[in-house]
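Below is structure.pdb, which holds PDB, C-alpha atoms.
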ATOM      1  CA  MET A   1     -25.269   2.492 -15.044
ATOM      2  CA  TYR A   2     -23.564   1.472 -11.826
ATOM      3  CA  ALA A   3     -21.626  -1.775 -11.595
ATOM      4  CA  PHE A   4     -20.105  -3.069  -8.379
ATOM      5  CA  SER A   5     -16.626  -2.836  -9.889
ATOM      6  CA  ALA A   6     -17.249   0.888 -10.452
ATOM      7  CA  THR A   7     -17.772   1.465  -6.725
ATOM      8  CA  HIS A   8     -15.393   3.803  -4.923
ATOM      9  CA  PRO A   9     -12.115   1.988  -4.077
ATOM     10  CA  ALA A  10     -12.443   2.671  -0.337
ATOM     11  CA  VAL A  11     -15.870   1.003  -0.258
ATOM     12  CA  LEU A  12     -14.566  -1.954  -2.255
ATOM     13  CA  LEU A  13     -11.629  -2.371   0.136
ATOM     14  CA  LEU A  14     -13.926  -2.258   3.160
ATOM     15  CA  TYR A  15     -16.309  -4.768   1.583
ATOM     16  CA  TYR A  16     -13.616  -7.325   0.766
ATOM     17  CA  ALA A  17     -12.018  -6.847   4.186
ATOM     18  CA  ALA A  18     -15.389  -7.533   5.849
ATOM     19  CA  VAL A  19     -16.258 -10.711   3.942
ATOM     20  CA  LEU A  20     -12.697 -12.045   4.160
ATOM     21  CA  LEU A  21     -12.371 -11.429   7.901
ATOM     22  CA  ILE A  22     -15.684 -13.148   8.612
ATOM     23  CA  THR A  23     -14.737 -16.001   6.277
ATOM     24  CA  MET A  24     -11.264 -16.586   7.683
ATOM     25  CA  PHE A  25     -11.988 -16.080  11.393
ATOM     26  CA  THR A  26     -15.179 -18.059  11.781
ATOM     27  CA  ALA A  27     -15.636 -21.807  11.810
ATOM     28  CA  HIS A  28     -19.399 -21.652  11.401
ATOM     29  CA  PRO A  29     -20.349 -24.008   8.548
ATOM     30  CA  VAL A  30     -23.447 -22.045   7.511
ATOM     31  CA  LEU A  31     -21.514 -18.800   7.096
ATOM     32  CA  LEU A  32     -18.695 -20.584   5.273
ATOM     33  CA  ALA A  33     -21.143 -22.294   2.897
ATOM     34  CA  ILE A  34     -22.759 -18.934   2.115
ATOM     35  CA  SER A  35     -19.361 -17.322   1.573
ATOM     36  CA  LEU A  36     -18.153 -20.115  -0.705
ATOM     37  CA  LEU A  37     -21.276 -20.169  -2.888
ATOM     38  CA  CYS A  38     -21.421 -16.385  -3.260
ATOM     39  CA  SER A  39     -17.702 -15.998  -3.978
ATOM     40  CA  VAL A  40     -17.816 -18.698  -6.650
ATOM     41  CA  GLY A  41     -20.936 -17.126  -8.145
ATOM     42  CA  PHE A  42     -19.400 -13.653  -8.288
ATOM     43  CA  TYR A  43     -16.185 -15.003  -9.787
ATOM     44  CA  ALA A  44     -18.246 -16.822 -12.436
ATOM     45  CA  TRP A  45     -19.885 -13.485 -13.249
ATOM     46  CA  LEU A  46     -16.533 -11.700 -13.597
ATOM     47  CA  GLU A  47     -14.426 -14.331 -15.360
ATOM     48  CA  ARG A  48     -14.670 -15.804 -18.834
ATOM     49  CA  PRO A  49     -16.580 -19.126 -18.880
ATOM     50  CA  ARG A  50     -13.638 -21.211 -20.115
ATOM     51  CA  VAL A  51     -11.262 -19.833 -17.504
ATOM     52  CA  PHE A  52     -13.881 -20.213 -14.783
ATOM     53  CA  VAL A  53     -14.530 -23.869 -15.601
ATOM     54  CA  ARG A  54     -10.800 -24.601 -15.568
ATOM     55  CA  GLN A  55     -10.367 -22.843 -12.225
ATOM     56  CA  LEU A  56     -13.431 -24.581 -10.795
ATOM     57  CA  ALA A  57     -12.092 -28.016 -11.735
ATOM     58  CA  PHE A  58      -8.774 -27.241 -10.046
ATOM     59  CA  SER A  59     -10.573 -25.901  -6.966
ATOM     60  CA  ALA A  60     -12.736 -29.029  -6.718
ATOM     61  CA  VAL A  61      -9.637 -31.249  -6.674
ATOM     62  CA  LEU A  62      -7.972 -28.976  -4.112
ATOM     63  CA  PHE A  63     -11.126 -29.011  -1.973
ATOM     64  CA  LEU A  64     -11.169 -32.802  -1.909
ATOM     65  CA  LEU A  65      -7.463 -33.024  -1.059
ATOM     66  CA  ILE A  66      -7.823 -30.624   1.870
ATOM     67  CA  ALA A  67     -11.041 -32.214   3.112
ATOM     68  CA  LEU A  68      -9.645 -35.764   2.970
ATOM     69  CA  SER A  69      -6.268 -34.921   4.492
ATOM     70  CA  ASN A  70      -7.734 -33.853   7.854
ATOM     71  CA  PRO A  71      -9.254 -37.245   8.848
ATOM     72  CA  LEU A  72      -6.023 -38.958   7.810
ATOM     73  CA  PHE A  73      -3.988 -36.948  10.317
ATOM     74  CA  SER A  74      -6.595 -36.099  12.949
ATOM     75  CA  HIS A  75      -8.327 -39.032  14.638
ATOM     76  CA  ASN A  76     -10.278 -37.082  17.223
ATOM     77  CA  GLY A  77     -14.027 -37.367  17.434
ATOM     78  CA  ALA A  78     -16.633 -39.523  19.120
ATOM     79  CA  THR A  79     -18.142 -41.143  16.008
ATOM     80  CA  PRO A  80     -15.770 -43.482  14.138
ATOM     81  CA  LEU A  81     -16.919 -44.328  10.604
ATOM     82  CA  PHE A  82     -14.305 -46.990   9.853
ATOM     83  CA  PHE A  83     -10.713 -47.881  10.686
ATOM     84  CA  LEU A  84      -7.735 -47.376   8.367
ATOM     85  CA  ASN A  85      -4.514 -49.166   9.406
ATOM     86  CA  GLY A  86      -5.834 -49.315  12.933
ATOM     87  CA  HIS A  87      -6.635 -45.579  13.074
ATOM     88  CA  PRO A  88     -10.249 -44.399  13.325
ATOM     89  CA  ILE A  89     -11.681 -42.166  10.604
ATOM     90  CA  THR A  90     -14.272 -40.162  12.498
ATOM     91  CA  ARG A  91     -17.286 -38.247  11.274
ATOM     92  CA  GLU A  92     -16.145 -35.159  13.186
ATOM     93  CA  ALA A  93     -12.734 -35.170  11.476
ATOM     94  CA  VAL A  94     -14.333 -35.514   8.038
ATOM     95  CA  LEU A  95     -16.744 -32.628   8.682
ATOM     96  CA  CYS A  96     -13.945 -30.497  10.118
ATOM     97  CA  GLY A  97     -11.832 -31.153   7.021
ATOM     98  CA  MET A  98     -14.704 -30.123   4.762
ATOM     99  CA  ASN A  99     -15.162 -26.963   6.839
ATOM    100  CA  ILE A 100     -11.468 -26.051   6.553
ATOM    101  CA  ALA A 101     -11.546 -26.688   2.806
ATOM    102  CA  ALA A 102     -14.636 -24.492   2.422
ATOM    103  CA  MET A 103     -12.936 -21.679   4.344
ATOM    104  CA  LEU A 104      -9.778 -21.823   2.204
ATOM    105  CA  MET A 105     -11.693 -22.057  -1.077
ATOM    106  CA  ALA A 106     -13.999 -19.175  -0.142
ATOM    107  CA  ALA A 107     -11.028 -16.976   0.796
ATOM    108  CA  LEU A 108      -9.277 -17.927  -2.446
ATOM    109  CA  TYR A 109     -12.270 -16.970  -4.591
ATOM    110  CA  TRP A 110     -12.830 -13.712  -2.718
ATOM    111  CA  PHE A 111      -9.193 -12.814  -3.369
ATOM    112  CA  ARG A 112      -9.727 -13.612  -7.051
ATOM    113  CA  CYS A 113     -12.784 -11.365  -7.144
ATOM    114  CA  CYS A 114     -10.803  -8.656  -5.354
ATOM    115  CA  HIS A 115      -8.061  -8.937  -7.971
ATOM    116  CA  GLN A 116     -10.653  -8.499 -10.735
ATOM    117  CA  THR A 117     -12.361  -5.427  -9.261
ATOM    118  CA  LEU A 118      -9.669  -3.687  -7.176
ATOM    119  CA  THR A 119      -7.276  -2.823  -9.978
ATOM    120  CA  SER A 120      -3.773  -1.429  -9.604
ATOM    121  CA  GLU A 121      -5.056   2.122 -10.206
ATOM    122  CA  LYS A 122      -7.436   1.760  -7.271
ATOM    123  CA  TRP A 123      -4.677   0.499  -4.962
ATOM    124  CA  LEU A 124      -2.530   3.434  -6.023
ATOM    125  CA  TYR A 125      -5.415   5.807  -5.312
ATOM    126  CA  LEU A 126      -6.029   4.317  -1.853
ATOM    127  CA  PHE A 127      -2.446   4.304  -0.591
ATOM    128  CA  GLY A 128      -0.679   6.716  -2.954
ATOM    129  CA  ARG A 129      -0.656   9.646  -0.566
ATOM    130  CA  ILE A 130      -0.298   7.659   2.670
ATOM    131  CA  THR A 131       2.516   5.330   1.643
ATOM    132  CA  PRO A 132       3.473   6.180  -1.947
ATOM    133  CA  LYS A 133       6.319   3.652  -2.179
ATOM    134  CA  LEU A 134       4.180   0.775  -0.897
ATOM    135  CA  ALA A 135       1.314   1.823  -3.159
ATOM    136  CA  LEU A 136       3.632   1.907  -6.171
ATOM    137  CA  LEU A 137       5.035  -1.511  -5.243
ATOM    138  CA  LEU A 138       1.557  -3.070  -4.911
ATOM    139  CA  SER A 139       0.319  -1.407  -8.079
ATOM    140  CA  SER A 140       3.343  -2.535 -10.096
ATOM    141  CA  ALA A 141       3.160  -6.092  -8.759
ATOM    142  CA  LEU A 142      -0.562  -6.445  -9.464
ATOM    143  CA  ARG A 143      -0.024  -5.122 -12.980
ATOM    144  CA  PHE A 144       3.189  -7.039 -13.668
ATOM    145  CA  ILE A 145       1.885 -10.559 -12.985
ATOM    146  CA  PRO A 146      -0.850 -10.607 -15.677
ATOM    147  CA  LEU A 147       1.459  -8.647 -17.976
ATOM    148  CA  LEU A 148       4.142 -11.340 -17.683
ATOM    149  CA  ARG A 149       1.565 -14.058 -18.330
ATOM    150  CA  ARG A 150       0.327 -12.385 -21.518
ATOM    151  CA  GLN A 151       3.863 -11.701 -22.735
ATOM    152  CA  ALA A 152       4.866 -15.343 -22.105
ATOM    153  CA  GLN A 153       1.936 -16.484 -24.242
ATOM    154  CA  THR A 154       2.974 -14.058 -26.995
ATOM    155  CA  ILE A 155       6.599 -15.271 -26.937
ATOM    156  CA  ARG A 156       5.508 -18.914 -26.967
ATOM    157  CA  ALA A 157       3.178 -18.296 -29.924
ATOM    158  CA  ALA A 158       5.938 -16.470 -31.836
ATOM    159  CA  GLN A 159       8.426 -19.280 -31.236
ATOM    160  CA  LYS A 160       5.888 -21.874 -32.332
ATOM    161  CA  ALA A 161       5.265 -19.905 -35.535
ATOM    162  CA  MET A 162       9.022 -19.852 -36.240
ATOM    163  CA  GLY A 163       9.398 -23.561 -35.462
ATOM    164  CA  LEU A 164      11.574 -22.924 -32.399
ATOM    165  CA  TYR A 165       9.162 -24.374 -29.834
ATOM    166  CA  SER A 166       8.993 -28.161 -29.616
ATOM    167  CA  SER A 167       6.765 -30.241 -27.344
ATOM    168  CA  ARG A 168       7.453 -33.718 -28.736
ATOM    169  CA  ASN A 169       8.681 -35.028 -25.386
ATOM    170  CA  TYR A 170       9.332 -33.838 -21.855
ATOM    171  CA  ILE A 171      12.966 -32.831 -22.435
ATOM    172  CA  GLU A 172      12.154 -30.817 -25.571
ATOM    173  CA  ARG A 173       9.281 -29.120 -23.760
ATOM    174  CA  VAL A 174      11.570 -28.121 -20.875
ATOM    175  CA  LYS A 175      14.197 -26.736 -23.281
ATOM    176  CA  SER A 176      11.567 -24.748 -25.176
ATOM    177  CA  SER A 177      10.122 -23.402 -21.915
ATOM    178  CA  MET A 178      13.597 -22.279 -20.857
ATOM    179  CA  HIS A 179      13.960 -20.349 -24.137
ATOM    180  CA  VAL A 180      10.602 -18.681 -23.465
ATOM    181  CA  PHE A 181      11.667 -17.870 -19.893
ATOM    182  CA  SER A 182      14.954 -16.351 -21.075
ATOM    183  CA  ALA A 183      13.201 -14.137 -23.604
ATOM    184  CA  LEU A 184      10.611 -13.181 -20.995
ATOM    185  CA  MET A 185      13.272 -12.115 -18.472
ATOM    186  CA  THR A 186      15.041 -10.018 -21.122
ATOM    187  CA  TRP A 187      11.762  -8.339 -22.031
ATOM    188  CA  SER A 188      10.880  -7.698 -18.367
ATOM    189  CA  LEU A 189      14.251  -6.004 -17.698
ATOM    190  CA  GLU A 190      13.868  -3.801 -20.768
ATOM    191  CA  ASN A 191      10.302  -2.965 -19.729
ATOM    192  CA  ALA A 192      11.469  -2.052 -16.213
ATOM    193  CA  ILE A 193      14.092   0.331 -17.630
ATOM    194  CA  ASP A 194      11.496   1.939 -19.940
ATOM    195  CA  THR A 195       9.044   2.274 -17.061
ATOM    196  CA  GLY A 196      11.658   3.920 -14.837
ATOM    197  CA  ALA A 197      12.633   6.370 -17.579
ATOM    198  CA  SER A 198       8.975   7.198 -18.209
ATOM    199  CA  MET A 199       8.312   7.803 -14.512
ATOM    200  CA  LYS A 200      11.356  10.066 -14.233
ATOM    201  CA  ALA A 201      10.271  12.049 -17.293
ATOM    202  CA  ARG A 202       6.812  12.537 -15.754
ATOM    203  CA  GLY A 203       8.268  13.940 -12.542
ATOM    204  CA  TYR A 204       7.902  10.985 -10.185
ATOM    205  CA  GLY A 205       9.658  11.636  -6.887
ATOM    206  CA  LEU A 206       9.530  15.426  -7.130
ATOM    207  CA  LYS A 207       8.058  17.384  -4.252
ATOM    208  CA  HIS A 208       4.725  19.172  -4.488
ATOM    209  CA  ARG A 209       3.477  17.009  -7.327
ATOM    210  CA  SER A 210      -0.207  17.310  -8.133
ATOM    211  CA  HIS A 211      -2.463  14.261  -8.032
ATOM    212  CA  PHE A 212      -5.273  13.438 -10.427
ATOM    213  CA  SER A 213      -7.973  10.877  -9.792
ATOM    214  CA  LEU A 214     -11.077   9.732 -11.617
ATOM    215  CA  PHE A 215     -12.650   8.363  -8.426
ATOM    216  CA  ARG A 216     -15.322  10.444  -6.679
ATOM    217  CA  PHE A 217     -17.286   9.449  -3.596
ATOM    218  CA  SER A 218     -20.936   9.603  -4.663
ATOM    219  CA  LYS A 219     -24.260   9.180  -2.880
ATOM    220  CA  ARG A 220     -24.465   5.605  -4.142
ATOM    221  CA  ASP A 221     -21.069   4.889  -2.615
ATOM    222  CA  ALA A 222     -22.281   6.316   0.703
ATOM    223  CA  PHE A 223     -25.422   4.163   0.525
ATOM    224  CA  LEU A 224     -23.394   1.048  -0.277
ATOM    225  CA  LEU A 225     -20.947   1.815   2.552
ATOM    226  CA  ALA A 226     -23.788   2.172   5.044
ATOM    227  CA  LEU A 227     -25.373  -1.041   3.781
ATOM    228  CA  VAL A 228     -22.110  -2.980   4.191
ATOM    229  CA  LEU A 229     -21.696  -1.732   7.775
ATOM    230  CA  ILE A 230     -25.302  -2.552   8.680
ATOM    231  CA  LEU A 231     -25.106  -6.064   7.229
ATOM    232  CA  CYS A 232     -21.776  -6.719   8.977
ATOM    233  CA  GLY A 233     -23.263  -5.618  12.281
ATOM    234  CA  ALA A 234     -26.353  -7.771  11.780
ATOM    235  CA  THR A 235     -24.168 -10.771  10.920
ATOM    236  CA  LEU A 236     -22.031 -10.386  14.032
ATOM    237  CA  LEU A 237     -24.984  -9.809  16.342
ATOM    238  CA  GLY A 238     -27.105 -12.557  14.856
ATOM    239  CA  ALA A 239     -24.719 -15.426  14.226
ATOM    240  CA  LEU A 240     -21.524 -14.827  16.193
ATOM    241  CA  VAL A 241     -21.708 -12.476  19.190
ATOM    242  CA  GLN A 242     -22.755 -13.991  22.552
ATOM    243  CA  ARG A 243     -22.944 -17.483  21.077
ATOM    244  CA  PRO A 244     -20.664 -20.403  21.918
ATOM    245  CA  ALA A 245     -18.027 -21.076  19.246
ATOM    246  CA  PHE A 246     -18.935 -23.782  16.748
ATOM    247  CA  VAL A 247     -16.757 -26.835  17.489
ATOM    248  CA  PHE A 248     -16.268 -30.221  15.842
ATOM    249  CA  TYR A 249     -14.543 -32.109  18.659
ATOM    250  CA  PRO A 250     -15.422 -34.244  20.497
ATOM    251  CA  GLN A 251     -18.859 -33.871  18.915
ATOM    252  CA  VAL A 252     -20.158 -31.510  16.259
ATOM    253  CA  SER A 253     -22.082 -28.554  17.631
ATOM    254  CA  SER A 254     -25.679 -28.108  16.608
ATOM    255  CA  VAL A 255     -26.506 -25.331  14.163
ATOM    256  CA  ALA A 256     -28.643 -22.628  15.739
ATOM    257  CA  VAL A 257     -31.944 -22.074  13.933
ATOM    258  CA  ASP A 258     -33.631 -19.506  16.170
ATOM    259  CA  ALA A 259     -34.809 -16.138  14.863
ATOM    260  CA  ARG A 260     -31.627 -14.314  15.871
ATOM    261  CA  ALA A 261     -29.362 -16.840  14.142
ATOM    262  CA  ILE A 262     -31.484 -16.819  10.990
ATOM    263  CA  MET A 263     -31.220 -13.023  10.956
ATOM    264  CA  GLY A 264     -27.429 -13.367  11.058
ATOM    265  CA  TYR A 265     -27.385 -15.933   8.255
ATOM    266  CA  ALA A 266     -29.675 -13.791   6.097
ATOM    267  CA  ALA A 267     -27.580 -10.666   6.736
ATOM    268  CA  TYR A 268     -24.377 -12.417   5.750
ATOM    269  CA  ALA A 269     -26.041 -13.906   2.663
ATOM    270  CA  ALA A 270     -27.182 -10.414   1.655
ATOM    271  CA  LEU A 271     -23.662  -9.073   2.280
ATOM    272  CA  CYS A 272     -22.012 -11.766   0.158
ATOM    273  CA  CYS A 273     -24.639 -11.455  -2.588
ATOM    274  CA  LEU A 274     -24.292  -7.664  -2.736
ATOM    275  CA  PRO A 275     -21.924  -7.674  -5.764
ATOM    276  CA  LEU A 276     -24.176 -10.044  -7.712
ATOM    277  CA  ILE A 277     -27.267  -8.003  -6.843
ATOM    278  CA  THR A 278     -25.564  -4.790  -7.970
ATOM    279  CA  GLU A 279     -24.247  -6.307 -11.191
ATOM    280  CA  GLY A 280     -27.595  -8.000 -11.915
ATOM    281  CA  LYS A 281     -29.434  -4.727 -11.378
ATOM    282  CA  GLU A 282     -27.147  -2.977 -13.857
ATOM    283  CA  ARG A 283     -27.566  -5.775 -16.408
ATOM    284  CA  ALA A 284     -31.356  -5.606 -16.056
ATOM    285  CA  GLN A 285     -31.352  -1.818 -16.515
ATOM    286  CA  TRP A 286     -29.114  -2.068 -19.550
ATOM    287  CA  THR A 287     -31.366  -4.718 -21.104
ATOM    288  CA  TYR A 288     -34.433  -2.590 -20.435
ATOM    289  CA  TYR A 289     -32.910   0.545 -21.968
ATOM    290  CA  ARG A 290     -31.778  -1.383 -25.052
ATOM    291  CA  SER A 291     -35.287  -2.752 -25.516
ATOM    292  CA  LYS A 292     -36.626   0.824 -25.577
ATOM    293  CA  MET A 293     -34.273   1.959 -28.356
TER     294      MET A 293
END

Just give me the structure as structure tokens.
Amino acid sequence: MYAFSATHPAVLLLYYAAVLLITMFTAHPVLLAISLLCSVGFYAWLERPRVFVRQLAFSAVLFLLIALSNPLFSHNGATPLFFLNGHPITREAVLCGMNIAAMLMAALYWFRCCHQTLTSEKWLYLFGRITPKLALLLSSALRFIPLLRRQAQTIRAAQKAMGLYSSRNYIERVKSSMHVFSALMTWSLENAIDTGASMKARGYGLKHRSHFSLFRFSKRDAFLLALVLILCGATLLGALVQRPAFVFYPQVSSVAVDARAIMGYAAYAALCCLPLITEGKERAQWTYYRSKM
């Protein structure tokens, strides 16, 4: 079985760098729509349904706020829809706001997917020998944030069980949250001391230490790496290179639909769907093998 999250860390880092760079440095609405849909779909695959629905509701509100804020502050454009306090709300400003919101939401969801698949051990493997201090800092930070969240939930549950946590009104809720925060800070300091003592006992910082890793670059990793590079090249050649930049002002550019542009759109769609295709293939194989037992 071969899931996308089990891919070699270097290939994962290259993949996320590719999709994020194209997402954040292009204003093409077709590419941004593909990126947003695929990132949300992959995050839905990785995350628990309840958490995903909660995050999706928050993202929808954030999307609307970003999309609606642009026409309120930018009044450029040749097609006014209506006037608000004497200022024109133009079609171009509305579409530009939606495009900016799509770019930010797509980047946000790709970062969430990256956090789910590129774990702290993989970051440590990638940068441990090049910049060991930076790798340790990134690994500790990525591990510490979810650890603090889980510990805060445990402390809050324990205080509720003992009758020490009250949420009858806003003031009581703030006081109870401060008690949880105080206990959490005490626990985090003790945990940091224990972690430092454990690292010292295991020889961290000594010269000529040996390194052990579970990650091996396989033929499938090489195939996936080549596929990512080919799809990135096809996307750049088909949809971006030697084409005028997509603009919204003073009028919205037309979306290219020739064969070369369609090739670029299809390549980027395949690139963004690569994690879902890999995960779906593994799920299908697992289902097939279970049916044969």

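Using only C-alpha atoms, the protein and nucleic acid residues lying no more than 12 Å from A:Arg150, apart from those fewer than 6 places from it along its own chain, are Arg143, Phe144, Arg156, Ala157, Leu184 and Ser188 of chain A.
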
Q: Name the residues captured by the PyMOL selection byres ((chain A and resi 78) around 6) when it is applied to the shown file; answer as number ranges by chain.
A: A: 77, 79, 250

Residues matched by the PyMOL selection byres ((chain A and resi 280) around 12), written as a PDB file with C-alpha atoms, in the frame of the given file:
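New file result-v8.pdb:
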ATOM      1  CA  MET A   1     -25.269   2.492 -15.044  1.00  0.00           C
ATOM      2  CA  TYR A   2     -23.564   1.472 -11.826  1.00  0.00           C
ATOM      3  CA  ALA A   3     -21.626  -1.775 -11.595  1.00  0.00           C
ATOM      4  CA  PHE A   4     -20.105  -3.069  -8.379  1.00  0.00           C
ATOM      5  CA  GLY A  41     -20.936 -17.126  -8.145  1.00  0.00           C
ATOM      6  CA  PHE A  42     -19.400 -13.653  -8.288  1.00  0.00           C
ATOM      7  CA  TRP A  45     -19.885 -13.485 -13.249  1.00  0.00           C
ATOM      8  CA  LEU A  46     -16.533 -11.700 -13.597  1.00  0.00           C
ATOM      9  CA  CYS A 273     -24.639 -11.455  -2.588  1.00  0.00           C
ATOM     10  CA  LEU A 274     -24.292  -7.664  -2.736  1.00  0.00           C
ATOM     11  CA  PRO A 275     -21.924  -7.674  -5.764  1.00  0.00           C
ATOM     12  CA  LEU A 276     -24.176 -10.044  -7.712  1.00  0.00           C
ATOM     13  CA  ILE A 277     -27.267  -8.003  -6.843  1.00  0.00           C
ATOM     14  CA  THR A 278     -25.564  -4.790  -7.970  1.00  0.00           C
ATOM     15  CA  GLU A 279     -24.247  -6.307 -11.191  1.00  0.00           C
ATOM     16  CA  LYS A 281     -29.434  -4.727 -11.378  1.00  0.00           C
ATOM     17  CA  GLU A 282     -27.147  -2.977 -13.857  1.00  0.00           C
ATOM     18  CA  ARG A 283     -27.566  -5.775 -16.408  1.00  0.00           C
ATOM     19  CA  ALA A 284     -31.356  -5.606 -16.056  1.00  0.00           C
ATOM     20  CA  GLN A 285     -31.352  -1.818 -16.515  1.00  0.00           C
ATOM     21  CA  TRP A 286     -29.114  -2.068 -19.550  1.00  0.00           C
ATOM     22  CA  THR A 287     -31.366  -4.718 -21.104  1.00  0.00           C
TER      23      THR A 287
END

Q: Please indicate the distance in Å from atom CA of A:Phe246 to atom CA of A:Tyr268, rounded to one decimal place.
A: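 We find that atom CA of A:Phe246 and atom CA of A:Tyr268 lie 16.7 Å from each other.
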
Mind working out the centre and edge lengths of an axis-aligned box for stretch 65-73 of chain A, all listed atoms inside, 5 Å added to each side, rounded to one decimal in Å and written as lines of an AutoDock Vina configuration file?
center_x = -7.5
center_y = -34.8
center_z = 4.6
size_x = 17.1
size_y = 18.3
size_z = 21.4

Q.
Applying 9 Å and all atoms listed in the file, which residues near stretch 49-65 of chain A remain after dropping the ones on its own chain fewer than 5 positions away? List them as a ChimeraX atom specification.
A. /A:40,43-44,70,98,101-102,104-105

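What separates atom CA of A:Ser35 from atom CA of A:Thr119 is a distance of 22.1 Å.
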
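Across the structure, atom CA of A:Cys114 and atom CA of A:Lys219 are spaced 22.5 Å apart.
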
Q) For A:Asp221, which residue out of A:Leu147, A:Thr7, A:Tyr125, A:Phe25 is the nearest one, using all atoms listed in the file? A)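 Result for the nearest residue to A:Asp221: A:Thr7.
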
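Applied to the file shown here, the PyMOL selection byres ((chain A and resi 229-239) around 8) selects the residues Ala18, Leu225, Ala226, Leu227, Val228, Leu240, Val241, Gln242, Arg243, Arg260, Ala261, Ile262, Met263, Gly264, Tyr265, Ala266, Ala267, Tyr268, Ala270 and Leu271 of chain A.
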
Those same residues, written as a CSV table (one decimal), in the coordinates of the input with C-alpha atoms?
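As a result, again.csv now contains:
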chain,number,residue,atom,x,y,z
A,18,ALA,CA,-15.4,-7.5,5.8
A,225,LEU,CA,-20.9,1.8,2.6
A,226,ALA,CA,-23.8,2.2,5.0
A,227,LEU,CA,-25.4,-1.0,3.8
A,228,VAL,CA,-22.1,-3.0,4.2
A,240,LEU,CA,-21.5,-14.8,16.2
A,241,VAL,CA,-21.7,-12.5,19.2
A,242,GLN,CA,-22.8,-14.0,22.6
A,243,ARG,CA,-22.9,-17.5,21.1
A,260,ARG,CA,-31.6,-14.3,15.9
A,261,ALA,CA,-29.4,-16.8,14.1
A,262,ILE,CA,-31.5,-16.8,11.0
A,263,MET,CA,-31.2,-13.0,11.0
A,264,GLY,CA,-27.4,-13.4,11.1
A,265,TYR,CA,-27.4,-15.9,8.3
A,266,ALA,CA,-29.7,-13.8,6.1
A,267,ALA,CA,-27.6,-10.7,6.7
A,268,TYR,CA,-24.4,-12.4,5.8
A,270,ALA,CA,-27.2,-10.4,1.7
A,271,LEU,CA,-23.7,-9.1,2.3

Q. From the set A:Ala106, A:Leu95, A:Gly86, A:Ser198, which residue has the shortest atom-to-atom contact distance to A:Ile34, counting all atoms listed in the file?
A. A:Ala106

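Restricting the calculation to only C-alpha atoms, the smallest distance between A:Phe248 and any of A:Leu126, A:Met162, A:Val94, A:Leu31 is found for A:Val94.
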
Q. Looking at only C-alpha atoms, which of A:Ser120, A:Asn191, A:Ser254, A:Asn169 is the one that sits closest to A:Leu148?
A.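 Checking each candidate against A:Leu148, we get A:Asn191 as the closest.
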